[in-house]
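Q: Encoded as structure tokens, here's the structure I'll be asking about.
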Amino acid sequence: MVMAGSVCRLHPGENRLLAALPEPDYQSLLPHLELMPMPLGQAVYESGGPQGFVYFPTDSIVSLLYVLENGASTEIAVTGNEGLVGISLFMGGETTPSRAVVQSAGQGYRVRAAVLKKRFESSGDVQHLLLRFTQALITQMTQTAVCNRHHAVDQQLCRWLLLMLDRLASDEVRMTQELIANMLGVRREGVTEAAGKLQAHGLIEYARGRIRVLDRPRLERSVCECYAVVKREYDRLLPYGKRPAVAT
Amino acid sequence: MHKRLDRKPRSDSPANRVLAALPRKDYLALLPGLAPVALVFGDVLYEPGEAIRDVYFPGRSVVSLLTVVDGHAALEVGLVGREGMVGIPLALGIGVSPVRAVVQGAGSALQMSAARFRKALDGAPSLQRALHRYAHALMAQITQTAACNRFHTVDERLARWLLMTRDRLCSGEFHLTHEFLSHMLGVRRVGVTEAACGLQQRGLIDYSRGNIRILDDAGLEAASCSCYELVSDRVPASA
């Protein structure tokens, strides 16, 4: 579990799904958890490609992106320290149509799929928790489908921003407009316009690739219901409670 | 309200693919809890937030999963036919449906109470595995829908949903009201009329008084976005 040259090593308990495991299950997984850097843009897995590992982000955020034949992409769901990346590995599904890309750099723990699958199949508690996460993820995907049909770009930008902030320990997101455009599946100009609107309303400050939220409560009131639906479902299914303290 | 059918479920290979994938002895153990029913078009099986009282394994029937948007309008986010089970949250340990489930294609299904289902699931790892695989397939379908809703035109999306319905009903003729189509596509009536007329004008379908008849399968597949093809291999084509 040692990462050479790292300055700050985050504890596995920084991933809240791992932290929520009953002690015996957590202890049995611990030796198999490997701390990995998760740099911006890294493809955690490709669509249709083999996946050997399941990832538990600690302070990184991973985007599940659907990429069309013509190269256009759109984000289907986002996962940070509240969950894991690589669901098909224990759900037994075929290859996935999306690719998982690191959207906000940081670290995460990875575990061999076979190890997690064995735990999933032998421990009722592990299975129970992972399945609840699966349902939360399904709800997020479903809401994205709805949002993509019914809501305007600036609403979708709000939703995306709030989902990101919930997974970061900050009120600031570093992201180029180009990348956000890839996430939302719109042209860069659409993002510029939407961001401009939010800035004009005093909700955010966006300069040099950094979005800072100025008025979170008002942002939550301005967003489409899609954000609240997803948040409620995650809170309901994964009642994590207080975040664990960081162990150095 | 759907009708209980006055017969026992067949003990040889079931129409539903999830059940058919089970080892024979596991399927036979489930049989006493499975009741054949005739699902009625338009029947609401679950409302969002409601406790799931029964699960359904469709035979030749189709159930539409809808989310409620902005308090009233709905959008179709998934279709469940014989490749799956209606009530997947229960297989994930959650007793409440987050979506509305409405019968879109009338036909036969096997119904099981939530209580019996939970018990059956506990005792059958094979059923758990089959349903986890199906849940994953459903996620792929929803993922496709999310991408589709972002990028594809109303005509293409209509073609896609019609083909998905055809595959699950094993029939190119079915009944779909304007309201249903409006939910499928997330557009208002005008949009539905336009899209349906578009496909009709191209000789691909016949649509009158809510009755759809697919006239040109190959043509309709060509008119659909690639989303149809990408997920269609998850539904078995033949009976």
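Letters A, B, ... mark the chains of the structure tokens in the order given; residue numbers begin at 1 per chain; ligand numbers begin at 1, in order shown.
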Can you list, as number ranges by chain, every residue of region 44-218 of chain B that DSSP puts in helix (DSSP H, G or I)?
A: B: 88-91, 114-123, 125-151, 154-169, 178-185, 189-201, 217-218
Q: Which parts of region 43-144 of chain B does DSSP call strand (DSSP E or B) when run on the backbone here, written out as an NGL selection string?
A: :B and (44-46 or 51 or 54-58 or 62-69 or 73-80 or 86 or 96 or 100-105 or 107-113)
Q: Which residues of chain B come within 10 Å of chain A, and what is each one's closest atom pair and distance in Å (one decimal), counting only C-alpha atoms, sorted by chain and residue number, as CSV?
A:
```
residue,atom,partner,partner_atom,distance
B:Leu66,CA,A:Thr142,CA,9.4
B:Thr67,CA,A:Val146,CA,7.6
B:Val68,CA,A:Val146,CA,9.0
B:Val69,CA,A:Val146,CA,7.6
B:Asp70,CA,A:Glu225,CA,7.3
B:Gly71,CA,A:Glu225,CA,9.6
B:Ala74,CA,A:Val146,CA,9.0
B:Leu75,CA,A:Val146,CA,6.7
B:Glu76,CA,A:Val146,CA,8.6
B:Val77,CA,A:Thr142,CA,6.5
B:Gly78,CA,A:Thr142,CA,8.8
B:Ile88,CA,A:Gln135,CA,9.0
B:Pro89,CA,A:Gln135,CA,6.7
B:Leu90,CA,A:Gln135,CA,9.9
B:Ala91,CA,A:Leu131,CA,8.5
B:Leu92,CA,A:Leu131,CA,5.0
B:Gly93,CA,A:His128,CA,6.6
B:Ile94,CA,A:Arg132,CA,7.2
B:Pro98,CA,A:Thr139,CA,7.6
B:Val99,CA,A:Thr139,CA,9.0
B:Asp122,CA,A:Gly124,CA,10.0
B:Pro125,CA,A:Glu121,CA,8.7
B:Gln128,CA,A:Met91,CA,9.6
B:Arg129,CA,A:Gly92,CA,7.3
B:Ala130,CA,A:Gly92,CA,8.6
B:Leu131,CA,A:Met91,CA,8.7
B:His132,CA,A:Met91,CA,5.0
B:Arg133,CA,A:Gly93,CA,4.9
B:Tyr134,CA,A:Gly93,CA,7.6
B:Ala135,CA,A:Met91,CA,7.7
B:His136,CA,A:Gly93,CA,5.4
B:Ala137,CA,A:Gly93,CA,6.7
B:Leu138,CA,A:Ile138,CA,8.7
B:Met139,CA,A:Ile138,CA,6.3
B:Ala140,CA,A:Pro97,CA,6.7
B:Gln141,CA,A:Pro97,CA,9.5
B:Ile142,CA,A:Thr142,CA,6.2
B:Thr143,CA,A:Met141,CA,6.3
B:Gln144,CA,A:Pro97,CA,7.9
B:Thr145,CA,A:Ala145,CA,6.0
B:Ala146,CA,A:Ala145,CA,3.6
B:Ala147,CA,A:Thr74,CA,6.5
B:Cys148,CA,A:Ala145,CA,8.2
B:Asn149,CA,A:Arg149,CA,5.2
B:Arg150,CA,A:Asn148,CA,5.1
B:Phe151,CA,A:Gly185,CA,7.9
B:Leu185,CA,A:Arg149,CA,8.6
B:Gly186,CA,A:Arg149,CA,6.8
B:Val187,CA,A:Arg149,CA,8.9
B:Ser226,CA,A:Glu69,CA,9.2
B:Cys227,CA,A:Leu68,CA,9.6
B:Leu230,CA,A:Pro97,CA,8.5
B:Val231,CA,A:Pro97,CA,9.2
B:Arg234,CA,A:Glu94,CA,9.8
```
Q: Could those residues be written to a file, using C-alpha atoms, as a PDB file, in the first residue's frame?
A:
```pdb
ATOM      1  CA  LEU B  66     -40.682   6.240 -16.690  1.00  0.00           C
ATOM      2  CA  THR B  67     -39.308   9.026 -14.591  1.00  0.00           C
ATOM      3  CA  VAL B  68     -41.530  11.851 -13.546  1.00  0.00           C
ATOM      4  CA  VAL B  69     -40.079  15.201 -14.494  1.00  0.00           C
ATOM      5  CA  ASP B  70     -41.049  18.617 -13.240  1.00  0.00           C
ATOM      6  CA  GLY B  71     -43.854  17.101 -11.233  1.00  0.00           C
ATOM      7  CA  ALA B  74     -42.782  11.666 -17.779  1.00  0.00           C
ATOM      8  CA  LEU B  75     -39.901  10.350 -19.815  1.00  0.00           C
ATOM      9  CA  GLU B  76     -39.305   6.759 -20.762  1.00  0.00           C
ATOM     10  CA  VAL B  77     -35.899   5.657 -19.550  1.00  0.00           C
ATOM     11  CA  GLY B  78     -36.109   1.940 -20.104  1.00  0.00           C
ATOM     12  CA  ILE B  88     -34.940  -4.785 -10.174  1.00  0.00           C
ATOM     13  CA  PRO B  89     -34.433  -2.547  -7.088  1.00  0.00           C
ATOM     14  CA  LEU B  90     -35.679  -5.472  -5.015  1.00  0.00           C
ATOM     15  CA  ALA B  91     -32.871  -7.638  -6.387  1.00  0.00           C
ATOM     16  CA  LEU B  92     -30.501  -4.886  -5.251  1.00  0.00           C
ATOM     17  CA  GLY B  93     -31.936  -4.954  -1.752  1.00  0.00           C
ATOM     18  CA  ILE B  94     -34.121  -1.891  -2.132  1.00  0.00           C
ATOM     19  CA  PRO B  98     -37.630   5.081  -8.007  1.00  0.00           C
ATOM     20  CA  VAL B  99     -39.492   5.025 -11.321  1.00  0.00           C
ATOM     21  CA  ASP B 122     -31.724 -15.671  -0.537  1.00  0.00           C
ATOM     22  CA  PRO B 125     -27.255 -17.657  -5.936  1.00  0.00           C
ATOM     23  CA  GLN B 128     -28.901 -13.465  -7.837  1.00  0.00           C
ATOM     24  CA  ARG B 129     -26.256 -13.790 -10.531  1.00  0.00           C
ATOM     25  CA  ALA B 130     -28.811 -13.770 -13.354  1.00  0.00           C
ATOM     26  CA  LEU B 131     -30.438 -10.649 -11.947  1.00  0.00           C
ATOM     27  CA  HIS B 132     -27.139  -8.864 -11.378  1.00  0.00           C
ATOM     28  CA  ARG B 133     -26.290  -9.512 -15.009  1.00  0.00           C
ATOM     29  CA  TYR B 134     -29.676  -8.169 -16.014  1.00  0.00           C
ATOM     30  CA  ALA B 135     -29.264  -5.079 -13.804  1.00  0.00           C
ATOM     31  CA  HIS B 136     -26.026  -4.404 -15.611  1.00  0.00           C
ATOM     32  CA  ALA B 137     -27.749  -4.811 -18.979  1.00  0.00           C
ATOM     33  CA  LEU B 138     -30.439  -2.376 -17.832  1.00  0.00           C
ATOM     34  CA  MET B 139     -27.721   0.116 -16.885  1.00  0.00           C
ATOM     35  CA  ALA B 140     -26.311  -0.227 -20.380  1.00  0.00           C
ATOM     36  CA  GLN B 141     -29.772   0.474 -21.806  1.00  0.00           C
ATOM     37  CA  ILE B 142     -30.195   3.561 -19.625  1.00  0.00           C
ATOM     38  CA  THR B 143     -26.687   4.740 -20.509  1.00  0.00           C
ATOM     39  CA  GLN B 144     -27.585   4.411 -24.166  1.00  0.00           C
ATOM     40  CA  THR B 145     -30.786   6.368 -23.588  1.00  0.00           C
ATOM     41  CA  ALA B 146     -28.898   9.149 -21.830  1.00  0.00           C
ATOM     42  CA  ALA B 147     -26.511   9.467 -24.756  1.00  0.00           C
ATOM     43  CA  CYS B 148     -29.344   9.129 -27.255  1.00  0.00           C
ATOM     44  CA  ASN B 149     -31.358  11.887 -25.607  1.00  0.00           C
ATOM     45  CA  ARG B 150     -28.339  14.144 -25.866  1.00  0.00           C
ATOM     46  CA  PHE B 151     -27.428  13.544 -29.480  1.00  0.00           C
ATOM     47  CA  LEU B 185     -39.713  10.705 -26.736  1.00  0.00           C
ATOM     48  CA  GLY B 186     -40.055  13.447 -24.155  1.00  0.00           C
ATOM     49  CA  VAL B 187     -41.833  15.702 -26.619  1.00  0.00           C
ATOM     50  CA  SER B 226     -27.025   3.375 -33.726  1.00  0.00           C
ATOM     51  CA  CYS B 227     -28.294   3.122 -30.161  1.00  0.00           C
ATOM     52  CA  LEU B 230     -25.649  -1.341 -29.817  1.00  0.00           C
ATOM     53  CA  VAL B 231     -28.033  -2.640 -27.185  1.00  0.00           C
ATOM     54  CA  ARG B 234     -29.001  -8.157 -25.334  1.00  0.00           C
TER      55      ARG B 234
END
```
Q: Write out as JSON, numbers by chain which residues come within 12 Å of Gln199 (chain A) when counting only C-alpha atoms, dropping same-chain ones fewer than 6 positions away.
A: {"A": [154, 157, 158, 191, 192, 193, 205, 206, 207, 211, 212, 213, 214, 215, 219]}
Q: Would you mind listing what lies within 8 Å of Val192 (chain B) as an mmCIF file with C-alpha atoms, in the first residue's frame, with only C-alpha atoms counted and same-chain residues fewer than 6 positions away left out?
A:
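Output below, filename result11.cif:
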```cif
data_model
loop_
_atom_site.group_PDB
_atom_site.id
_atom_site.type_symbol
_atom_site.label_atom_id
_atom_site.label_comp_id
_atom_site.auth_asym_id
_atom_site.auth_seq_id
_atom_site.Cartn_x
_atom_site.Cartn_y
_atom_site.Cartn_z
ATOM 1 C CA HIS B 178 -50.025 9.434 -28.561
ATOM 2 C CA LEU B 181 -45.210 8.110 -27.588
ATOM 3 C CA SER B 182 -44.959 11.528 -26.017
ATOM 4 C CA LEU B 185 -39.713 10.705 -26.736
#
```
Q: Compare A:Ile204, A:Val115, A:Val101, A:Val223 by their minimum atom-to-atom distance to Asp171 (chain A), counting only C-alpha atoms, and give me the closest one.
A: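 That would be A:Ile204, the residue with the smallest distance to Asp171 (chain A).
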Q: So how many Å separate CA of Arg110 (chain A) and CA of Pro57 (chain A), to one decimal?
A: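 The value is 8.4 Å.
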Q: I need the residue nearest Gly33 (chain B) from this list: B:Arg209, B:Arg60, B:Arg116, B:His2. Use only C-alpha atoms for the distance.
A: B:Arg116
Q: Using only C-alpha atoms, which residues sit within 8 Å of Val18 (chain B) once same-chain residues fewer than 2 positions away are excluded, as a PyMOL selection string?
A: chain B and resi 16+20-22+57+82-85+127+130-131+134
Q: I need the residue nearest Gln111 (chain B) from this list: B:Val40, B:Ala218, B:Met164, B:Val86. Use only C-alpha atoms for the distance.
A: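 Comparing B:Val40, B:Ala218, B:Met164, B:Val86 against Gln111 (chain B), the winner is B:Val86.
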Q: Work out how far CA of Ala105 (chain A) is from CA of His32 (chain A), in Å to one decimal.
A: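 According to the coordinates, CA of His32 (chain A) and CA of Ala105 (chain A) are separated by 22.4 Å.
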